[in-house]
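The next block is data.txt, given as compact mmCIF, C-alpha atoms.
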# COMPACT_ATOMS: atom_id res chain seq x y z
CA MET A 1 104.60 139.24 -6.65
CA SER A 2 103.88 135.49 -6.56
CA GLU A 3 103.27 135.70 -2.78
CA LEU A 4 100.82 138.55 -3.34
CA TYR A 5 99.03 136.54 -6.03
CA THR A 6 98.81 133.51 -3.72
CA THR A 7 97.55 135.65 -0.83
CA VAL A 8 94.83 137.22 -2.95
CA ILE A 9 93.57 133.81 -4.08
CA PHE A 10 93.53 132.44 -0.53
CA LEU A 11 91.66 135.48 0.81
CA PHE A 12 89.19 135.54 -2.09
CA VAL A 13 88.25 131.89 -1.62
CA LEU A 14 88.06 132.26 2.17
CA PHE A 15 85.78 135.31 2.15
CA ALA A 16 83.65 133.83 -0.65
CA LEU A 17 83.04 130.70 1.42
CA LEU A 18 82.46 132.56 4.70
CA GLY A 19 80.21 135.06 2.92
CA GLY A 20 78.20 132.13 1.60
CA SER A 21 77.52 131.03 5.21
CA VAL A 22 79.71 127.94 4.88
CA TRP A 23 80.79 126.54 8.26
CA ILE A 24 84.19 127.82 9.33
CA GLY A 25 85.73 124.33 9.43
CA LEU A 26 84.52 123.56 5.90
CA ALA A 27 85.63 127.00 4.68
CA LEU A 28 89.16 126.39 5.94
CA MET A 29 89.23 122.99 4.25
CA GLY A 30 87.97 124.55 1.02
CA VAL A 31 90.69 127.19 0.99
CA ALA A 32 93.33 124.53 1.72
CA TRP A 33 91.99 122.31 -1.08
CA VAL A 34 92.22 125.16 -3.60
CA GLY A 35 95.77 125.92 -2.46
CA MET A 36 96.83 122.29 -2.81
CA GLU A 37 95.28 121.97 -6.29
CA LEU A 38 96.70 125.24 -7.65
CA PHE A 39 100.14 125.47 -6.08
CA THR A 40 101.36 121.93 -5.36
CA SER A 41 101.63 118.59 -7.13
CA ARG A 42 100.62 116.50 -4.08
CA PRO A 43 97.13 114.93 -4.30
CA ALA A 44 94.84 117.12 -2.22
CA GLY A 45 92.58 114.28 -1.03
CA ASP A 46 95.43 112.16 0.31
CA ALA A 47 96.97 115.16 2.08
CA MET A 48 93.63 116.14 3.63
CA ILE A 49 92.89 112.67 5.00
CA THR A 50 96.36 112.26 6.51
CA THR A 51 96.48 115.75 8.02
CA ILE A 52 92.98 115.74 9.48
CA TRP A 53 93.57 112.37 11.17
CA ALA A 54 96.93 113.46 12.58
CA GLY A 55 95.48 116.74 13.85
CA SER A 56 92.35 115.28 15.44
CA SER A 57 94.03 112.29 17.13
CA SER A 58 96.22 114.41 19.42
CA TRP A 59 96.16 113.14 23.03
CA THR A 60 96.55 116.71 24.30
CA LEU A 61 93.29 117.64 22.59
CA THR A 62 91.33 115.24 24.82
CA ALA A 63 91.48 117.82 27.61
CA LEU A 64 89.21 120.07 25.56
CA PRO A 65 85.91 118.10 25.65
CA LEU A 66 86.50 117.14 29.29
CA PHE A 67 86.90 120.73 30.47
CA ILE A 68 83.88 121.72 28.39
CA TRP A 69 81.84 118.93 29.99
CA MET A 70 82.89 120.00 33.48
CA GLY A 71 81.66 123.53 32.79
CA GLU A 72 78.37 122.20 31.36
CA ILE A 73 77.74 120.12 34.51
CA LEU A 74 78.33 123.10 36.80
CA TYR A 75 76.23 125.38 34.59
CA ARG A 76 73.22 123.04 34.67
CA THR A 77 73.25 122.15 38.37
CA ARG A 78 72.67 124.14 41.57
CA LEU A 79 76.42 124.41 42.23
CA SER A 80 76.55 127.51 40.02
CA GLN A 81 73.61 129.13 41.82
CA ASP A 82 75.16 128.56 45.22
CA MET A 83 78.28 130.46 44.18
CA PHE A 84 76.55 133.86 44.31
CA ARG A 85 75.11 133.09 47.73
CA GLY A 86 78.56 132.22 49.05
CA LEU A 87 80.28 135.23 47.48
CA ALA A 88 77.82 137.98 48.37
CA PRO A 89 78.58 138.26 52.12
CA TRP A 90 82.28 138.93 51.42
CA MET A 91 81.74 141.43 48.58
CA ARG A 92 79.06 143.59 50.22
CA PHE A 93 81.48 145.74 52.25
CA LEU A 94 83.91 146.54 49.41
CA PRO A 95 83.65 149.96 47.70
CA GLY A 96 81.17 149.21 44.93
CA GLY A 97 79.40 146.52 46.93
CA LEU A 98 77.89 143.51 45.22
CA LEU A 99 79.05 144.63 41.77
CA HIS A 100 82.27 142.85 42.72
CA THR A 101 80.38 139.55 42.61
CA ASN A 102 80.37 139.90 38.81
CA ILE A 103 84.17 139.96 38.79
CA ALA A 104 84.80 137.40 41.52
CA GLY A 105 82.08 135.08 40.21
CA CYS A 106 83.45 135.18 36.67
CA ALA A 107 87.01 134.58 37.91
CA ILE A 108 85.96 131.53 39.95
CA PHE A 109 83.73 130.02 37.30
CA ALA A 110 86.41 130.70 34.66
CA ALA A 111 88.69 128.42 36.68
CA VAL A 112 86.36 125.47 36.10
CA SER A 113 84.83 126.38 32.75
CA GLY A 114 87.36 127.79 30.28
CA SER A 115 84.59 129.30 28.16
CA SER A 116 83.70 132.98 28.00
CA ALA A 117 80.13 132.29 26.91
CA ALA A 118 79.52 129.69 29.64
CA THR A 119 80.96 132.07 32.26
CA LEU A 120 78.76 134.92 31.07
CA ASN A 121 75.63 132.77 31.01
CA MET A 122 76.13 131.28 34.44
CA VAL A 123 77.19 134.41 36.36
CA GLY A 124 74.76 136.66 34.46
CA LYS A 125 71.74 134.53 35.30
CA MET A 126 72.69 134.74 38.98
CA SER A 127 73.88 138.31 39.35
CA ILE A 128 71.71 140.43 36.99
CA PRO A 129 68.39 139.83 38.81
CA GLU A 130 70.00 140.21 42.25
CA LEU A 131 71.87 143.42 41.41
CA ARG A 132 68.81 144.96 39.73
CA LYS A 133 66.71 144.14 42.78
CA ARG A 134 69.22 145.97 44.98
CA GLY A 135 69.19 149.13 42.83
CA TYR A 136 72.62 148.97 41.16
CA PRO A 137 72.89 151.03 37.90
CA GLU A 138 72.12 148.98 34.77
CA PHE A 139 75.14 150.52 33.01
CA MET A 140 77.51 149.12 35.63
CA ILE A 141 75.80 145.74 35.96
CA ILE A 142 76.05 145.01 32.24
CA GLY A 143 79.44 146.65 31.62
CA THR A 144 81.27 144.84 34.42
CA LEU A 145 79.68 141.53 33.46
CA ALA A 146 80.63 141.95 29.79
CA GLY A 147 84.26 142.55 30.68
CA ALA A 148 84.59 140.04 33.52
CA ALA A 149 83.12 137.17 31.49
CA THR A 150 86.15 137.33 29.20
CA LEU A 151 88.22 135.98 32.10
CA GLY A 152 86.92 132.59 30.95
CA LEU A 153 89.40 132.83 28.09
CA MET A 154 92.37 133.67 30.33
CA ILE A 155 92.15 131.96 33.71
CA PRO A 156 92.95 128.25 33.32
CA PRO A 157 91.55 125.96 32.12
CA SER A 158 91.17 128.14 29.01
CA LEU A 159 89.78 126.55 25.85
CA THR A 160 91.56 129.18 23.74
CA LEU A 161 94.91 128.33 25.35
CA ILE A 162 94.30 124.62 24.72
CA VAL A 163 93.63 125.30 21.04
CA TYR A 164 96.65 127.62 20.81
CA GLY A 165 98.91 125.06 22.48
CA VAL A 166 97.75 122.26 20.19
CA THR A 167 98.16 124.49 17.12
CA ILE A 168 101.78 125.42 17.87
CA ASN A 169 102.65 122.14 19.67
CA GLU A 170 103.37 123.79 23.02
CA SER A 171 102.79 122.54 26.59
CA ILE A 172 99.18 123.14 27.69
CA THR A 173 100.18 123.07 31.36
CA LYS A 174 102.80 125.79 30.81
CA LEU A 175 100.23 127.95 29.03
CA PHE A 176 97.78 127.42 31.88
CA MET A 177 100.43 128.50 34.38
CA ALA A 178 101.22 131.57 32.30
CA GLY A 179 97.58 132.67 32.41
CA VAL A 180 97.24 132.74 36.20
CA PHE A 181 98.88 136.05 37.15
CA PRO A 182 97.66 138.02 34.09
CA GLY A 183 94.14 136.73 34.75
CA LEU A 184 94.26 137.85 38.37
CA VAL A 185 95.73 141.25 37.43
CA LEU A 186 93.00 141.79 34.85
CA ALA A 187 90.34 140.85 37.41
CA GLY A 188 91.98 143.34 39.78
CA LEU A 189 91.78 146.09 37.14
CA PHE A 190 88.07 145.41 36.70
CA MET A 191 87.53 145.64 40.47
CA LEU A 192 89.49 148.91 40.62
CA TYR A 193 87.13 150.29 37.97
CA ILE A 194 84.19 149.47 40.25
CA VAL A 195 85.95 151.20 43.17
CA PHE A 196 86.55 154.24 40.93
CA TRP A 197 82.84 154.36 40.02
CA HIS A 198 81.90 154.09 43.70
CA VAL A 199 84.15 156.99 44.70
CA VAL A 200 83.38 159.33 41.79
CA TYR A 201 79.66 158.74 41.15
CA LYS A 202 78.29 158.89 44.67
CA ASP A 203 74.79 159.75 43.48
CA GLN A 204 74.52 156.39 41.66
CA ARG A 205 75.25 154.27 44.72
CA PRO A 206 72.40 152.03 45.89
CA GLU A 207 71.36 151.75 49.51
CA PRO A 208 74.13 150.15 51.62
CA GLU A 209 73.74 146.46 52.30
CA PRO A 210 72.38 145.64 55.78
CA ALA A 211 74.87 144.47 58.37
CA MET A 212 75.48 140.74 58.60
CA PRO A 213 76.96 138.96 61.63
CA PHE A 214 80.33 137.35 61.02
CA LYS A 215 78.94 133.94 61.98
CA HIS A 216 76.28 134.31 59.31
CA MET A 217 78.93 135.25 56.74
CA LEU A 218 80.89 132.11 57.58
CA ALA A 219 77.73 130.02 57.39
CA GLU A 220 76.90 131.36 53.91
CA SER A 221 80.44 130.59 52.75
CA ARG A 222 79.69 126.88 52.90
CA PHE A 223 77.87 127.25 49.58
CA LEU A 224 81.08 128.45 47.93
CA LEU A 225 83.46 125.88 49.38
CA PRO A 226 82.59 122.94 47.06
CA LEU A 227 83.35 124.97 43.94
CA LEU A 228 86.56 126.40 45.43
CA GLY A 229 87.64 122.89 46.39
CA LEU A 230 87.06 121.68 42.84
CA VAL A 231 89.11 124.59 41.47
CA PHE A 232 91.97 123.79 43.85
CA VAL A 233 92.00 120.09 42.95
CA VAL A 234 91.86 120.63 39.18
CA ILE A 235 94.31 123.52 38.89
CA GLY A 236 96.53 122.45 41.78
CA SER A 237 96.99 118.93 40.43
CA MET A 238 98.47 120.37 37.22
CA TYR A 239 100.71 122.97 38.85
CA MET A 240 102.08 120.57 41.45
CA GLY A 241 102.91 118.01 38.79
CA PHE A 242 100.44 115.34 39.88
CA ALA A 243 98.45 115.37 36.64
CA THR A 244 98.62 116.47 33.02
CA ALA A 245 95.97 118.82 31.64
CA THR A 246 93.95 115.87 30.32
CA GLU A 247 94.15 113.96 33.62
CA ALA A 248 93.18 117.09 35.57
CA ALA A 249 90.19 117.57 33.26
CA ALA A 250 89.06 113.99 33.95
CA VAL A 251 89.38 114.63 37.69
CA GLY A 252 87.34 117.83 37.24
CA VAL A 253 84.51 116.03 35.46
CA THR A 254 84.43 113.32 38.14
CA GLY A 255 84.47 115.94 40.90
CA ALA A 256 81.69 118.00 39.28
CA LEU A 257 79.51 114.89 38.90
CA LEU A 258 80.11 113.82 42.51
CA LEU A 259 79.46 117.28 43.98
CA SER A 260 76.25 117.79 42.01
CA ALA A 261 75.08 114.26 42.92
CA VAL A 262 75.75 114.82 46.64
CA GLN A 263 73.99 118.18 46.39
CA GLY A 264 70.99 116.47 44.82
CA SER A 265 70.82 118.61 41.67
CA LEU A 266 72.17 115.98 39.23
CA SER A 267 69.34 114.23 37.42
CA LEU A 268 69.37 111.95 34.40
CA ARG A 269 68.03 114.83 32.31
CA THR A 270 70.75 117.20 33.55
CA PHE A 271 73.41 114.58 32.88
CA LYS A 272 72.20 114.06 29.30
CA GLU A 273 71.91 117.80 28.61
CA SER A 274 75.42 118.48 29.92
CA LEU A 275 76.85 115.61 27.87
CA MET A 276 75.13 116.70 24.65
CA GLY A 277 76.08 120.35 25.21
CA ALA A 278 79.72 119.38 25.65
CA THR A 279 79.56 117.10 22.59
CA ARG A 280 78.18 119.85 20.33
CA THR A 281 80.76 122.42 21.45
CA SER A 282 83.67 119.95 21.26
CA ALA A 283 82.66 118.77 17.78
CA MET A 284 82.47 122.35 16.53
CA ILE A 285 85.95 123.20 17.84
CA ALA A 286 87.44 119.91 16.58
CA PHE A 287 86.00 120.54 13.11
CA ILE A 288 87.60 124.01 13.01
CA LEU A 289 90.93 122.54 14.13
CA MET A 290 90.78 119.91 11.39
CA GLY A 291 90.32 122.61 8.76
CA ALA A 292 93.11 124.67 10.29
CA GLU A 293 95.52 121.72 10.20
CA PHE A 294 94.84 121.15 6.50
CA LEU A 295 95.14 124.88 5.76
CA SER A 296 98.49 125.02 7.60
CA LEU A 297 99.79 122.16 5.46
CA SER A 298 98.54 123.79 2.26
CA MET A 299 100.08 127.15 3.13
CA GLY A 300 103.32 125.44 4.10
CA PHE A 301 103.54 123.89 0.63
CA THR A 302 103.01 127.28 -1.01
CA GLY A 303 105.72 128.88 1.16
CA LEU A 304 103.37 131.77 1.94
CA PRO A 305 103.90 131.91 5.73
CA ARG A 306 107.66 131.92 5.34
CA ALA A 307 107.50 134.58 2.61
CA LEU A 308 105.22 136.83 4.66
CA ALA A 309 107.44 136.42 7.71
CA GLN A 310 110.49 137.37 5.63
CA THR A 311 108.64 140.39 4.22
CA ILE A 312 107.76 141.65 7.69
CA ASP A 313 111.29 140.88 8.85
CA SER A 314 112.62 143.07 6.04
CA TYR A 315 110.91 146.06 7.67
CA HIS A 316 113.13 145.47 10.73
CA LEU A 317 110.28 145.99 13.18
CA SER A 318 111.19 145.78 16.83
CA PRO A 319 109.33 143.15 18.86
CA VAL A 320 107.24 145.93 20.46
CA ALA A 321 106.32 147.37 17.06
CA LEU A 322 105.39 143.89 15.81
CA ILE A 323 103.18 143.34 18.86
CA ALA A 324 101.49 146.71 18.22
CA VAL A 325 100.76 145.71 14.61
CA LEU A 326 99.45 142.30 15.67
CA THR A 327 97.25 143.91 18.34
CA VAL A 328 95.49 146.02 15.72
CA PHE A 329 95.33 143.05 13.35
CA TYR A 330 93.68 140.71 15.88
CA LEU A 331 91.29 143.40 17.12
CA ILE A 332 90.05 143.94 13.57
CA LEU A 333 89.89 140.21 12.88
CA GLY A 334 88.10 139.59 16.16
CA MET A 335 85.37 142.07 15.23
CA PHE A 336 84.25 139.66 12.51
CA MET A 337 85.31 136.22 13.78
CA ASP A 338 85.21 134.29 17.06
CA GLY A 339 88.40 133.88 19.07
CA LEU A 340 89.11 130.21 18.39
CA SER A 341 88.75 130.70 14.64
CA SER A 342 91.07 133.72 14.79
CA VAL A 343 93.75 131.62 16.46
CA VAL A 344 93.65 128.60 14.19
CA LEU A 345 93.27 130.69 11.02
CA THR A 346 96.34 132.86 11.63
CA MET A 347 98.88 130.73 13.47
CA ALA A 348 100.39 129.27 10.29
CA ILE A 349 101.46 132.79 9.32
CA VAL A 350 101.96 134.45 12.70
CA GLU A 351 103.99 131.73 14.43
CA PRO A 352 107.04 132.06 12.13
CA MET A 353 106.94 135.84 12.61
CA ILE A 354 106.99 135.77 16.39
CA ARG A 355 109.66 133.08 16.55
CA ALA A 356 111.84 135.05 14.10
CA ALA A 357 111.37 138.18 16.23
CA GLY A 358 112.47 136.28 19.35
CA ILE A 359 109.08 136.60 21.08
CA ASP A 360 108.38 133.93 23.69
CA VAL A 361 105.54 131.72 22.39
CA ILE A 362 104.18 131.19 25.91
CA TRP A 363 104.02 134.95 26.48
CA PHE A 364 102.49 135.45 23.04
CA GLY A 365 99.71 133.00 23.89
CA ILE A 366 98.68 135.14 26.87
CA PHE A 367 98.94 138.34 24.81
CA LEU A 368 96.79 136.71 22.14
CA VAL A 369 94.12 135.74 24.67
CA VAL A 370 93.94 139.30 26.06
CA VAL A 371 93.47 140.76 22.58
CA ILE A 372 90.86 138.13 21.71
CA GLU A 373 89.12 138.90 25.02
CA THR A 374 88.94 142.53 23.93
CA ALA A 375 87.43 141.55 20.58
CA GLN A 376 84.74 139.55 22.44
CA VAL A 377 83.20 142.83 23.64
CA THR A 378 83.88 144.90 20.50
CA PRO A 379 81.16 145.43 17.85
CA PRO A 380 79.99 144.35 15.34
CA ILE A 381 80.58 140.65 16.15
CA GLY A 382 81.53 140.84 19.81
CA PHE A 383 80.13 137.47 20.88
CA ASN A 384 79.66 138.43 24.55
CA LEU A 385 77.60 141.43 23.48
CA PHE A 386 75.09 139.21 21.71
CA VAL A 387 74.89 136.84 24.68
CA LEU A 388 74.16 139.81 26.95
CA GLN A 389 71.60 141.16 24.50
CA GLY A 390 69.71 137.88 24.71
CA MET A 391 69.83 137.97 28.51
CA THR A 392 68.90 141.65 29.05
CA ARG A 393 66.90 142.63 25.89
CA HIS A 394 68.92 145.84 25.59
CA GLN A 395 70.01 147.23 22.21
CA ILE A 396 73.44 146.01 21.10
CA GLY A 397 74.67 149.61 20.88
CA TYR A 398 73.82 150.24 24.54
CA ILE A 399 75.57 147.06 25.65
CA ALA A 400 78.66 147.94 23.60
CA LYS A 401 78.68 151.39 25.22
CA THR A 402 78.67 149.88 28.71
CA ALA A 403 81.68 147.73 27.78
CA ILE A 404 83.89 150.61 26.54
CA PRO A 405 85.65 151.11 29.92
CA MET A 406 86.38 147.38 30.09
CA VAL A 407 87.87 147.45 26.58
CA GLY A 408 90.17 150.25 27.74
CA LEU A 409 91.27 148.17 30.74
CA MET A 410 92.01 145.15 28.55
CA LEU A 411 94.13 147.28 26.22
CA LEU A 412 95.92 148.56 29.33
CA MET A 413 96.55 144.90 30.19
CA VAL A 414 98.31 144.47 26.83
CA VAL A 415 100.62 147.36 27.75
CA ILE A 416 101.26 145.81 31.18
CA LEU A 417 102.22 142.51 29.54
CA VAL A 418 104.63 144.27 27.18
CA VAL A 419 106.25 146.25 30.01
CA TRP A 420 106.35 143.29 32.44
CA PRO A 421 106.51 140.09 30.35
CA GLU A 422 107.55 138.18 33.49
CA LEU A 423 103.93 138.43 34.59
CA ALA A 424 103.19 135.64 32.10
CA THR A 425 106.54 133.82 31.95
CA TRP A 426 107.66 133.65 35.60
CA LEU A 427 105.32 130.91 36.79
CA PRO A 428 105.88 128.40 33.94
CA ASP A 429 109.65 129.06 34.10
CA ASN A 430 109.96 128.54 37.84
CA ILE A 431 107.46 125.85 38.81
CA ARG A 432 109.05 122.42 38.56
CA ARG A 433 106.76 119.72 37.26
CA THR A 434 107.04 115.99 36.96
CA PRO A 435 107.28 114.66 33.38
Rewrite the structure of this file - the entire thing - as structure tokens.
Amino acid sequence: MSELYTTVIFLFVLFALLGGSVWIGLALMGVAWVGMELFTSRPAGDAMITTIWAGSSSWTLTALPLFIWMGEILYRTRLSQDMFRGLAPWMRFLPGGLLHTNIAGCAIFAAVSGSSAATLNMVGKMSIPELRKRGYPEFMIIGTLAGAATLGLMIPPSLTLIVYGVTINESITKLFMAGVFPGLVLAGLFMLYIVFWHVVYKDQRPEPEPAMPFKHMLAESRFLLPLLGLVFVVIGSMYMGFATATEAAAVGVTGALLLSAVQGSLSLRTFKESLMGATRTSAMIAFILMGAEFLSLSMGFTGLPRALAQTIDSYHLSPVALIAVLTVFYLILGMFMDGLSSVVLTMAIVEPMIRAAGIDVIWFGIFLVVVIETAQVTPPIGFNLFVLQGMTRHQIGYIAKTAIPMVGLMLLMVVILVVWPELATWLPDNIRRTP
């Protein structure tokens, strides 16, 4: 009964603060403060100062602003625009044609961005006008883009995986490795959906793309090579053990600056805008993490996470049943809260559960990202839906309708991960890295 009483107080304070439009970071700190004052004898102010400093001074966390800055540089220079030009010649002959550039473009940009919103903005600004001009159905243009943009959360470097790793004190590089194969499989499922549309709905096909000589295709590919080279250097340096996640992020920023400077699209204004954009996003995430650290401490003092984990354990749920329950839980939570907030808000309670159930924390991180990806395109607060609404001026209901098939594919990905967990665990378990 005492655990129920404590839970009710925590939830009441949390929803009261969030309902009052208080920033998420401040709301988390407020809930933690109330918990410390009501249920412990430790001075709340002293605990808050110590915890926030310890949580925000993590060396691992320095990778976060660097990866964000790298994505901002690419987004604001001509490197991002050149990607579509380099991809299009190789996608035009696939069943479904240039719709595949939405998937391939999102997968490539995800590998240098880590942000779903940045991926959606960059690829959408390139592909939507081009695909409309070529007569592709609006339903398919928007639906495939809504789903494919979520690859920014999965394919490394993923900001969500960085936050998850910091929250549970797990290796960021291992989590990045774990996201590679699931990210590629999910991209493959999206492309198969386009092939299915092409085969079944023949009347919706646009006019076939004109033939292009192979030499011309190779010539156009030169626009894609700089970005692919940057992806290889950043990701490869981590997987081959030459660099930590933070060092690879620094290399990525340097590479993005050099490439855009050589290309001639890096100006002082662009540099300042990219730096300020990265600063704003990094500060927001860091503030949320500070609140989450203090909340974790407060809940630890109350014993609530341990009590809830023991309660769930008393039901003797199998790991699969627990994953099913958590899938529904995170989908519902993700309808009303962004992905990063969902992770930091719940890990204090969920982590003891999954460890007690014997679930691999690396695998669970990938599962969590897939479910959060799904929530990104699920009303009423599917963040990607609102970004697309601003770009296309369509009603939110129409955009959500176009994303329904992609939601189904992402839920299928959850099933695939449960049936074949090695998809996420094989690479981090078998790639040897230097310390």
Next on the checklist: Taking (103.0, 123.5, 28.0) as a centre in this file's frame and 12 Å as the limit, can you find every polymer residue with an atom that close, using all atoms listed in the file, and give them as a count of residues only?
Outcome noted: 35
Polymer residues at most 12 Å from range 141-143 of chain A, all atoms listed in the file, same-chain spacing of 4 or more positions, as a compact mmCIF listing (two decimals) with C-alpha atoms, keeping the file's coordinate frame:
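The resulting around00.txt:
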# COMPACT_ATOMS: atom_id res chain seq x y z
CA GLY A 96 81.17 149.21 44.93
CA GLY A 97 79.40 146.52 46.93
CA LEU A 98 77.89 143.51 45.22
CA LEU A 99 79.05 144.63 41.77
CA HIS A 100 82.27 142.85 42.72
CA THR A 101 80.38 139.55 42.61
CA ASN A 102 80.37 139.90 38.81
CA ILE A 103 84.17 139.96 38.79
CA LEU A 120 78.76 134.92 31.07
CA VAL A 123 77.19 134.41 36.36
CA GLY A 124 74.76 136.66 34.46
CA LYS A 125 71.74 134.53 35.30
CA MET A 126 72.69 134.74 38.98
CA SER A 127 73.88 138.31 39.35
CA ILE A 128 71.71 140.43 36.99
CA PRO A 129 68.39 139.83 38.81
CA GLU A 130 70.00 140.21 42.25
CA LEU A 131 71.87 143.42 41.41
CA ARG A 132 68.81 144.96 39.73
CA LYS A 133 66.71 144.14 42.78
CA ARG A 134 69.22 145.97 44.98
CA GLY A 135 69.19 149.13 42.83
CA TYR A 136 72.62 148.97 41.16
CA PRO A 137 72.89 151.03 37.90
CA GLY A 147 84.26 142.55 30.68
CA ALA A 148 84.59 140.04 33.52
CA ALA A 149 83.12 137.17 31.49
CA THR A 150 86.15 137.33 29.20
CA PHE A 190 88.07 145.41 36.70
CA TYR A 193 87.13 150.29 37.97
CA ILE A 194 84.19 149.47 40.25
CA TRP A 197 82.84 154.36 40.02
CA VAL A 377 83.20 142.83 23.64
CA ASN A 384 79.66 138.43 24.55
CA LEU A 385 77.60 141.43 23.48
CA VAL A 387 74.89 136.84 24.68
CA LEU A 388 74.16 139.81 26.95
CA GLN A 389 71.60 141.16 24.50
CA MET A 391 69.83 137.97 28.51
CA THR A 392 68.90 141.65 29.05
CA ARG A 393 66.90 142.63 25.89
CA HIS A 394 68.92 145.84 25.59
CA GLN A 395 70.01 147.23 22.21
CA ILE A 396 73.44 146.01 21.10
CA TYR A 398 73.82 150.24 24.54
CA ILE A 399 75.57 147.06 25.65
CA ALA A 400 78.66 147.94 23.60
CA LYS A 401 78.68 151.39 25.22
CA THR A 402 78.67 149.88 28.71
CA ALA A 403 81.68 147.73 27.78
CA ILE A 404 83.89 150.61 26.54
CA PRO A 405 85.65 151.11 29.92
CA MET A 406 86.38 147.38 30.09
CA VAL A 407 87.87 147.45 26.58
CA GLY A 408 90.17 150.25 27.74
CA LEU A 409 91.27 148.17 30.74
Next on the checklist: Residues near Leu38 in chain A, anyone? I mean within 12 Å using all atoms listed in the file, not counting same-chain ones fewer than 6 positions away, as a list of chain:residue names.
Outcome noted: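 Once the nearby chain positions are removed, what remains is A:Tyr5, A:Thr6, A:Ile9, A:Phe10, A:Val31, A:Ala32, A:Ala44, A:Ser298, A:Met299, A:Phe301, A:Thr302.
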Checklist entry - How many Å lie between CA of Ser341 in chain A and CA of Pro319 in chain A, rounded to one decimal? => result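 Distance between the two atoms: 24.4 Å.
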Checklist entry - What residues have an atom no more than 12 Å from (90.0, 114.4, 38.6) in the file's own frame, counting all atoms listed in the file, and can you write them as a ChimeraX atom specification? => result /A:63,66-67,70,112,229-238,242-258
Item to check | Top pick for closest residue to Leu94 in chain A, considering A:Gly241, A:Gly20, A:Pro43, A:Pro208 and counting all atoms listed in the file | outcome: A:Pro208
Checklist entry - Could you name the residues that touch Met83 in chain A at 9 Å or less, counting all atoms listed in the file, but leaving out those on the same chain fewer than 2 positions away, as number ranges by chain? => result A: 78-81, 85-88, 105, 108-109, 123, 126, 221, 223-225, 227
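Coordinates place CA of Leu417 in chain A at a distance of 18.0 Å from CA of Asn430 in chain A.
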Next on the checklist: One number please: CA of Met284 in chain A to CA of Gly25 in chain A, in Å, one decimal.
Outcome noted: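 Value for the CA of Met284 in chain A-CA of Gly25 in chain A distance: 8.1 Å.
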Checklist entry - Which residue, A:Val370, A:Leu322, A:Glu422, A:Ala27, has the smallest gap to Met410 in chain A when you use all atoms listed in the file? => result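 Checking each of A:Val370, A:Leu322, A:Glu422, A:Ala27 against Met410 in chain A, counting all atoms listed in the file, the winner is A:Val370.
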Item to check | Nearest to Val414 in chain A by atom-to-atom distance, counting only C-alpha atoms, from A:Leu186, A:Thr281, A:Met290, A:Leu317 | outcome: A:Leu186
Item to check | Which of A:Leu411, A:Val22, A:Leu159, A:Leu259 sits closest to Leu331 in chain A [using all atoms listed in the file] | outcome: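 Among the listed residues, the smallest separation from Leu331 in chain A belongs to A:Leu411.
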Checklist entry - From the list A:Val371, A:Val8, A:Ala261, A:Val320, which residue is nearest Pro421 in chain A when using all atoms listed in the file? => result A:Val320
Next on the checklist: Counting all atoms listed in the file, which residue out of A:Met191, A:Leu326, A:Leu74, A:Ala278 sits closest to Val350 in chain A?
Outcome noted: A:Leu326
Checklist entry - Within 8 Å of Leu153 in chain A, counting only C-alpha atoms, which residues qualify if same-chain residues fewer than 4 places away don't, as a ChimeraX atom specification? => result /A:110,114-116,158-161,369,373
